[in-house]
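Asker: Quick one: structure below, then a few questions.
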Amino acid sequence: MAGRTLATPPPSLTANQTLTFLLGLALLLGTAVVLGRLAERIGMPAIVGELLTGVILGPSLLGALAPGLTSRILPATATQMHLLDAVGQVGVLLLVAITGTHLDLAMLHRRRAAAITVSLSGLLIPLALGVAAGTVVPASLIAGTTERWVFALFLGVAMCVSAIPVIAKTLTDMRLLHRDIGQLTLAAGTVDDAVGWLLLSIVSAAATVGVGAGAISRSAAYLVAFLALAATAGRVLVRFVLTRAARSPQAGPTLAAVVVLVLVGAATTQALGMEATLGAFVVGILLGLPGTIDQAKLAPMRTVVLSILAPIFMATAGLRMDLTALRRADVAVAAAAILMLAVAGKFAGAYVGARLCRLNQWEALALGAGMNARGVVEVIIASVGLRLGVLSVATYTIVVAVAVVTSLMAPPVLRWAMRRIAENDQELLRNAQLASTGQAAGGREQGSDAPWPDRKKPPS
């Protein structure tokens with residue numbers, strides 16, 4: 001088949017496709033905003049309502065009750081669904097990058113032992129539990145001719161990851177980015193995700209062409225090479241581009257340069273077989289280095305991303321979830337067991353790692369709550385498993401259910417634990433710095449208001 005040329009451009013969207021896209025986008029954003037505000041009214045972060053948007057409008061609820069109505073108001077074809085996905089994907093990449101700009105690298109360097117220990121412990125324990133669960137899951141839930149060890153390893157990978165996009169949105173909604181626990185959660189979650197994507201590439205290879213030492217070493221080499229390149233040439237490139245863009249008195253050129261850099265970083269890790277969010281997050285860290293960019297110029301982008309693009313992404317994440325499969329008894333029982341193992345594994349991993357680093361019990365529980373959110377990362381992994389034939393529709397639903405429930409669990413548990421952790425001087429200083437960019441916690445901060453008069457004094 002001959003390739004397309006300028007004389008034969010690809011067909012554009014039809015009028016009906018454009019109308020469906022616009023209506024679907026308006027419905028998702030409008031519903032996500034309303035449900036997000038309702039969630040805030042009952043003391044939950046907005047992300048809870050935003051995640052439930054896709055569940056309510058998708059096949060799990062409205063699609064089951066009124067399938068004809070759903071097909072009229074939301075895209076019914078893969079092509080049109082991809083249009084919504086594209087908008088959401090841009091939103092999550094920018095969200096993750098903005099989150100990366102808030103990482104306090106000096107604090108993380110001082111507490112690097114805690115970040116590494118918590119991340120490894122929070123990765124290995126749920127990975128082991130997931131693999132163990134995969135070895136005893138009924139054969140009826142394993143897809144086709146998939147070998148059990150491949151299925152077990154895939155389930156372990158799905159259970160060990162954390163979701164940086166969901167963690168980032170949760171911490172932002174709860175105004176906890178300036179807290180040390182928030183910083184440690186992001187750092188540990190990033191390590192978990194990087195290793196998780198590496199393991200996913202290995203399992204994917206095992207499910208298709210087999211796995212060997214070459215594939216493992218190549219994936220690990222790509223990850224190390226990217227991080228080394230980002231810390232050296234990438235750091236120089238980011239500073240060079242932003243210095244040139246800052247010559248304009250307007251914020252527009254700087255914002256455009258930031259978006260281009262984030263997309264290039266995301267495309268790089270995607271091309272290397274890793275998740276695009278990893279590249280976006282690393283670029284965000286580079287943007288946050290001292291003297292790289294005037295954070296005040298990022299305020300317009302933060303507003304658009306947090307108020308529009310991120311809610312669309314969270315809403316689209318739920319549209320592919322079909323929780324009606326849980327009506328089958330064997331699926332429901334397996335889902336409950338795997339959910340309990342997933343939650344227990346992540347909490348136990350984070351708790352053990354934190355306590356080994358001499359963090360107190362409330363800090364350990366807060367880390368577990370933050371890292372327990374699997375969110376859309378687990379949904380992506382489940383989609384890969386379904387596409388490769390490793391997961392059946394039933395096990396895909398189970399993994400997606402774990403992703404939704406753990407993401408909804410994170411905010412209340414995180415708030416409960418953070419209320420028992422005193423705010424230190426470094427956190428107050430970091431919050432004051434964020435105030436200059438409009439990202440401070442403000443008067444009565446969700447999740448970190450101490451219930452005692454003196455915020456420097458922890459409860460007995």
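Each chain of the structure tokens is named A, B, ... in the order shown, its residues numbered from 1; ligands are numbered from 1 in display order.
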Once DSSP has gone over the backbone, tell me which residues of segment 85-285 of chain A are in helix (DSSP H, G or I), as an MDAnalysis selection string.
Answerer: chainID A and resid 85:101 105:110 112:136 139:141 148:160 164:173 180:208 213:245 252:271 276:285
Asker: Find the residues around Leu255 of chain A up to 9 Å (only C-alpha atoms counted), leave out those fewer than 5 positions away in its own chain, and share them as a list in words.
Answerer: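 In the requested form, the answer reads Ala245, Val260, Lys297, Leu298, Pro300 and Met301 of chain A.
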Asker: Show me, as a list in words, the residues that have an atom within 8 Å of segment 327-344 of chain A when counting only C-alpha atoms, minus same-chain residues fewer than 6 positions from it.
Answerer: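 Final neighbour list, sorted by chain and number: Pro126, Leu129, Gly130, Ala133, Val137, Leu141, Met159, Cys160, Asn372, Ala394, Thr395, Ile398, Val399, Ala401, Val402 and Thr406 of chain A.
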Asker: Please compute the atom CA of Ala97 of chain A-atom CA of Ala280 of chain A distance, one decimal, in Å.
Answerer: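 Computing the Euclidean distance for atom CA of Ala97 of chain A and atom CA of Ala280 of chain A yields 5.1 Å.
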Asker: Name all residues at most 8 Å from Leu263 of chain A (count only C-alpha atoms; drop same-chain ones fewer than 4 positions away) and give them as a JSON list (two decimals) with N, CA, C and O atoms, in the first residue's frame.
Answerer:
[["chain", "number", "residue", "atom", "x", "y", "z"],
["A", 93, "LEU", "N", 0.48, 14.31, 31.34],
["A", 93, "LEU", "CA", 1.91, 14.58, 31.19],
["A", 93, "LEU", "C", 2.27, 15.93, 31.80],
["A", 93, "LEU", "O", 3.28, 16.06, 32.50],
["A", 259, "VAL", "N", 6.08, 23.27, 27.67],
["A", 259, "VAL", "CA", 5.25, 22.19, 27.12],
["A", 259, "VAL", "C", 6.04, 21.35, 26.11],
["A", 259, "VAL", "O", 5.97, 20.12, 26.12],
["A", 267, "ALA", "N", 8.14, 11.70, 25.09],
["A", 267, "ALA", "CA", 8.33, 10.91, 23.87],
["A", 267, "ALA", "C", 9.60, 10.08, 23.94],
["A", 267, "ALA", "O", 9.65, 8.96, 23.41],
["A", 280, "ALA", "N", 8.15, 12.78, 31.46],
["A", 280, "ALA", "CA", 7.56, 14.06, 31.83],
["A", 280, "ALA", "C", 7.93, 14.43, 33.26],
["A", 280, "ALA", "O", 8.21, 15.60, 33.56]]
Asker: Give me the residues of segment 182-249 of chain A that have any atom at most 10 Å from an atom of segment 274-278 of chain A; for each, the nearest atom pair and the distance in Å, rounded to one decimal. Use only C-alpha atoms, sort by chain and number, and format it as JSON lines.
Answerer:
{"residue": "A:Thr190", "atom": "CA", "partner": "A:Leu278", "partner_atom": "CA", "distance": 7.6}
{"residue": "A:Val191", "atom": "CA", "partner": "A:Leu278", "partner_atom": "CA", "distance": 9.6}
{"residue": "A:Asp193", "atom": "CA", "partner": "A:Leu278", "partner_atom": "CA", "distance": 7.8}
{"residue": "A:Ala194", "atom": "CA", "partner": "A:Leu278", "partner_atom": "CA", "distance": 7.0}
{"residue": "A:Val195", "atom": "CA", "partner": "A:Met274", "partner_atom": "CA", "distance": 9.7}
{"residue": "A:Gly196", "atom": "CA", "partner": "A:Met274", "partner_atom": "CA", "distance": 9.4}
{"residue": "A:Trp197", "atom": "CA", "partner": "A:Met274", "partner_atom": "CA", "distance": 5.8}
{"residue": "A:Leu198", "atom": "CA", "partner": "A:Met274", "partner_atom": "CA", "distance": 7.0}
{"residue": "A:Leu200", "atom": "CA", "partner": "A:Met274", "partner_atom": "CA", "distance": 9.0}
{"residue": "A:Ser201", "atom": "CA", "partner": "A:Met274", "partner_atom": "CA", "distance": 7.8}
{"residue": "A:Ser219", "atom": "CA", "partner": "A:Met274", "partner_atom": "CA", "distance": 8.4}
{"residue": "A:Tyr222", "atom": "CA", "partner": "A:Met274", "partner_atom": "CA", "distance": 8.8}
{"residue": "A:Leu223", "atom": "CA", "partner": "A:Met274", "partner_atom": "CA", "distance": 8.0}
Asker: Okay, now the selection with C-alpha atoms, as a PDB file, in the first residue's frame?
Answerer:
ATOM      1  CA  THR A 190       8.606   7.354  40.981  1.00  0.00           C
ATOM      2  CA  VAL A 191      11.110   4.601  41.735  1.00  0.00           C
ATOM      3  CA  ASP A 193       6.861   3.147  38.622  1.00  0.00           C
ATOM      4  CA  ALA A 194      10.249   3.103  36.881  1.00  0.00           C
ATOM      5  CA  VAL A 195      10.947  -0.435  38.095  1.00  0.00           C
ATOM      6  CA  GLY A 196       7.340  -1.401  37.366  1.00  0.00           C
ATOM      7  CA  TRP A 197       7.594  -0.345  33.721  1.00  0.00           C
ATOM      8  CA  LEU A 198      10.886  -2.210  33.447  1.00  0.00           C
ATOM      9  CA  LEU A 200       6.248  -4.852  32.518  1.00  0.00           C
ATOM     10  CA  SER A 201       8.508  -4.805  29.464  1.00  0.00           C
ATOM     11  CA  SER A 219      15.614  -2.350  29.324  1.00  0.00           C
ATOM     12  CA  TYR A 222      17.813   2.305  28.649  1.00  0.00           C
ATOM     13  CA  LEU A 223      16.524   3.441  32.043  1.00  0.00           C
TER      14      LEU A 223
END
Asker: Tell me which of A:Ser217, A:Leu286, A:Ala225, A:Ala315 sits closest to Gly24 of chain A, counting only C-alpha atoms.
Answerer: A:Ala315
Asker: What lies within 10 Å of Ser407 of chain A using only C-alpha atoms, ignoring chain neighbours under 2 positions off, as a list in words?
Answerer: Ile47, Val48, Leu51, Ser162, Ala163, Val166, Ile167, Thr170, Ala369, Gly370, Met371, Asn372, Ala373, Arg374, Gly375, Val376, Ala401, Val402, Ala403, Val404, Val405, Met409, Ala410 and Pro411 of chain A
Asker: For Gly284 of chain A, work out the shell of residues within 10 Å, counting only C-alpha atoms and skipping chain neighbours fewer than 6 positions away, then give it as a short mmCIF file (atom, residue, chain, number, x, y, z; two decimals) with N, CA, C and O atoms, in the first residue's frame.
Answerer:
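Result went into part_31.cif, see below:
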data_model
loop_
_atom_site.label_atom_id
_atom_site.label_comp_id
_atom_site.auth_asym_id
_atom_site.auth_seq_id
_atom_site.Cartn_x
_atom_site.Cartn_y
_atom_site.Cartn_z
N LEU A 93 0.48 14.31 31.34
CA LEU A 93 1.91 14.58 31.19
C LEU A 93 2.27 15.93 31.80
O LEU A 93 3.28 16.06 32.50
N LEU A 94 1.44 16.93 31.56
CA LEU A 94 1.70 18.25 32.12
C LEU A 94 1.50 18.24 33.65
O LEU A 94 2.23 18.91 34.38
N LEU A 95 0.51 17.47 34.12
CA LEU A 95 0.28 17.36 35.56
C LEU A 95 1.49 16.75 36.25
O LEU A 95 1.95 17.25 37.29
N VAL A 96 2.01 15.68 35.70
CA VAL A 96 3.17 15.02 36.29
C VAL A 96 4.39 15.93 36.25
O VAL A 96 5.17 15.98 37.21
N ALA A 97 4.56 16.67 35.17
CA ALA A 97 5.69 17.59 35.07
C ALA A 97 5.59 18.70 36.12
O ALA A 97 6.58 19.04 36.77
N ILE A 98 4.40 19.27 36.28
CA ILE A 98 4.20 20.30 37.29
C ILE A 98 4.51 19.76 38.68
O ILE A 98 5.13 20.45 39.51
N THR A 99 4.10 18.54 38.93
CA THR A 99 4.40 17.92 40.22
C THR A 99 5.90 17.78 40.42
O THR A 99 6.42 18.01 41.51
N GLY A 100 6.61 17.42 39.37
CA GLY A 100 8.06 17.29 39.45
C GLY A 100 8.76 18.58 39.81
O GLY A 100 9.81 18.57 40.47
N THR A 101 8.19 19.72 39.41
CA THR A 101 8.82 21.00 39.72
C THR A 101 8.79 21.29 41.22
O THR A 101 9.56 22.13 41.71
N HIS A 102 7.92 20.61 41.97
CA HIS A 102 7.79 20.87 43.41
C HIS A 102 8.65 19.95 44.26
O HIS A 102 8.64 20.08 45.49
N LEU A 103 9.37 19.03 43.65
CA LEU A 103 10.22 18.14 44.43
C LEU A 103 11.37 18.92 45.06
O LEU A 103 12.07 19.67 44.38
N VAL A 258 8.15 25.18 27.89
CA VAL A 258 7.96 24.16 28.92
C VAL A 258 7.17 22.98 28.36
O VAL A 258 7.54 21.81 28.56
N LEU A 261 9.31 20.91 25.98
CA LEU A 261 10.31 20.12 26.71
C LEU A 261 9.67 18.90 27.39
O LEU A 261 10.22 17.79 27.37
N VAL A 262 8.50 19.10 27.98
CA VAL A 262 7.81 18.00 28.65
C VAL A 262 7.42 16.92 27.63
O VAL A 262 7.61 15.72 27.87
N GLY A 265 10.51 15.01 26.49
CA GLY A 265 10.93 14.06 27.52
C GLY A 265 10.02 12.84 27.57
O GLY A 265 10.48 11.70 27.67
N LEU A 278 7.12 8.91 32.94
CA LEU A 278 8.44 8.94 33.57
C LEU A 278 9.27 10.07 32.98
O LEU A 278 9.91 10.85 33.71
#
Asker: Return the single residue from A:His82, A:Arg37, A:Arg358, A:Lys169 that is closest to Gln17 of chain A, with distances computed using only C-alpha atoms.
Answerer: A:His82
Asker: Please indicate the distance in Å from atom CA of Gly36 of chain A to atom CA of Leu408 of chain A, rounded to one decimal place.
Answerer: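 Distance between the two atoms: 12.6 Å.
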Asker: From the options A:Arg355, A:Lys346, A:Arg419, A:Arg239, which residue's atoms come nearest to Leu127 of chain A, counting only C-alpha atoms?
Answerer: A:Lys346
Asker: Which neighbours of Arg244 of chain A fall inside 12 Å, counting only C-alpha atoms, when residues of the same chain fewer than 4 positions from it are skipped, and could you give them as a short mmCIF file (atom, residue, chain, number, x, y, z; two decimals) with all heavy atoms, in the first residue's frame?
Answerer:
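Wrote it out as around_27.cif, contents follow:
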data_model
loop_
_atom_site.label_atom_id
_atom_site.label_comp_id
_atom_site.auth_asym_id
_atom_site.auth_seq_id
_atom_site.Cartn_x
_atom_site.Cartn_y
_atom_site.Cartn_z
N LEU A 237 20.31 21.53 28.41
CA LEU A 237 19.36 21.87 27.36
C LEU A 237 18.15 22.60 27.91
O LEU A 237 17.71 23.61 27.34
CB LEU A 237 18.92 20.59 26.64
CG LEU A 237 17.85 20.77 25.56
CD1 LEU A 237 18.37 21.64 24.44
CD2 LEU A 237 17.37 19.41 25.03
N VAL A 238 17.60 22.12 29.01
CA VAL A 238 16.43 22.77 29.61
C VAL A 238 16.75 24.19 30.02
O VAL A 238 15.99 25.13 29.74
CB VAL A 238 15.94 21.95 30.83
CG1 VAL A 238 14.93 22.75 31.64
CG2 VAL A 238 15.32 20.64 30.37
N ARG A 239 17.89 24.39 30.66
CA ARG A 239 18.27 25.74 31.09
C ARG A 239 18.49 26.66 29.88
O ARG A 239 18.10 27.83 29.89
CB ARG A 239 19.52 25.67 31.95
CG ARG A 239 19.86 26.98 32.66
CD ARG A 239 21.11 26.82 33.51
NE ARG A 239 20.90 25.87 34.60
CZ ARG A 239 20.45 26.22 35.79
NH1 ARG A 239 20.14 27.49 36.04
NH2 ARG A 239 20.29 25.32 36.73
N PHE A 240 19.12 26.11 28.83
CA PHE A 240 19.38 26.91 27.62
C PHE A 240 18.08 27.36 26.97
O PHE A 240 17.91 28.55 26.63
CB PHE A 240 20.22 26.08 26.64
CG PHE A 240 20.43 26.75 25.30
CD1 PHE A 240 21.41 27.71 25.14
CD2 PHE A 240 19.63 26.41 24.21
CE1 PHE A 240 21.60 28.34 23.91
CE2 PHE A 240 19.81 27.03 22.99
CZ PHE A 240 20.80 27.99 22.83
N SER A 248 11.59 37.13 26.48
CA SER A 248 10.33 37.81 26.22
C SER A 248 9.69 38.22 27.54
O SER A 248 9.67 37.42 28.49
CB SER A 248 9.38 36.89 25.44
OG SER A 248 8.09 37.47 25.37
N PRO A 249 9.15 39.43 27.63
CA PRO A 249 8.50 39.85 28.89
C PRO A 249 7.18 39.12 29.12
O PRO A 249 6.67 39.12 30.24
CB PRO A 249 8.26 41.35 28.67
CG PRO A 249 8.20 41.52 27.18
CD PRO A 249 9.14 40.51 26.63
N PRO A 253 5.93 32.58 25.59
CA PRO A 253 7.06 31.80 25.07
C PRO A 253 7.62 30.81 26.09
O PRO A 253 8.00 29.70 25.74
CB PRO A 253 8.08 32.88 24.71
CG PRO A 253 7.27 34.09 24.41
CD PRO A 253 6.14 34.03 25.39
N THR A 254 7.66 31.21 27.36
CA THR A 254 8.16 30.30 28.40
C THR A 254 7.25 29.10 28.56
O THR A 254 7.71 27.96 28.66
CB THR A 254 8.30 31.05 29.74
OG1 THR A 254 9.25 32.10 29.60
CG2 THR A 254 8.76 30.10 30.83
N ALA A 256 5.20 27.87 26.31
CA ALA A 256 5.32 27.03 25.12
C ALA A 256 6.59 26.18 25.18
O ALA A 256 6.57 24.99 24.85
CB ALA A 256 5.33 27.90 23.87
N ALA A 257 7.69 26.78 25.64
CA ALA A 257 8.95 26.04 25.76
C ALA A 257 8.83 24.91 26.78
O ALA A 257 9.33 23.80 26.56
CB ALA A 257 10.08 26.99 26.14
N VAL A 258 8.15 25.18 27.89
CA VAL A 258 7.96 24.16 28.92
C VAL A 258 7.17 22.98 28.36
O VAL A 258 7.54 21.81 28.56
CB VAL A 258 7.24 24.76 30.15
CG1 VAL A 258 6.75 23.66 31.08
CG2 VAL A 258 8.18 25.69 30.90
N THR A 292 16.31 27.83 37.25
CA THR A 292 15.96 27.35 35.90
C THR A 292 14.79 28.13 35.32
O THR A 292 14.80 28.49 34.14
CB THR A 292 15.63 25.85 35.94
OG1 THR A 292 16.75 25.13 36.42
CG2 THR A 292 15.27 25.35 34.54
N ILE A 293 13.76 28.40 36.12
CA ILE A 293 12.58 29.07 35.61
C ILE A 293 11.93 29.87 36.72
O ILE A 293 12.02 29.50 37.91
CB ILE A 293 11.57 28.05 35.03
CG1 ILE A 293 10.43 28.76 34.28
CG2 ILE A 293 11.01 27.16 36.11
CD1 ILE A 293 9.51 27.80 33.54
#
Asker: I'd like to know which of A:Ile381, A:Ala310, A:Ala78, A:Ala354 is closest to Leu120 of chain A, using only C-alpha atoms.
Answerer: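 Going through A:Ile381, A:Ala310, A:Ala78, A:Ala354 one by one, the smallest distance to Leu120 of chain A is for A:Ala354.
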Asker: Given only C-alpha atoms as the basis, pick out the residue of A:Ile164, A:Thr269, A:Ala230, A:Val305 nearest to Leu287 of chain A.
Answerer: A:Ala230
Asker: Measuring between only C-alpha atoms, which one of A:Gln295, A:Gly353, A:Thr79, A:Ala15 shows the shortest distance to Ile116 of chain A?
Answerer: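 Checking each of A:Gln295, A:Gly353, A:Thr79, A:Ala15 against Ile116 of chain A, counting only C-alpha atoms, the winner is A:Gly353.
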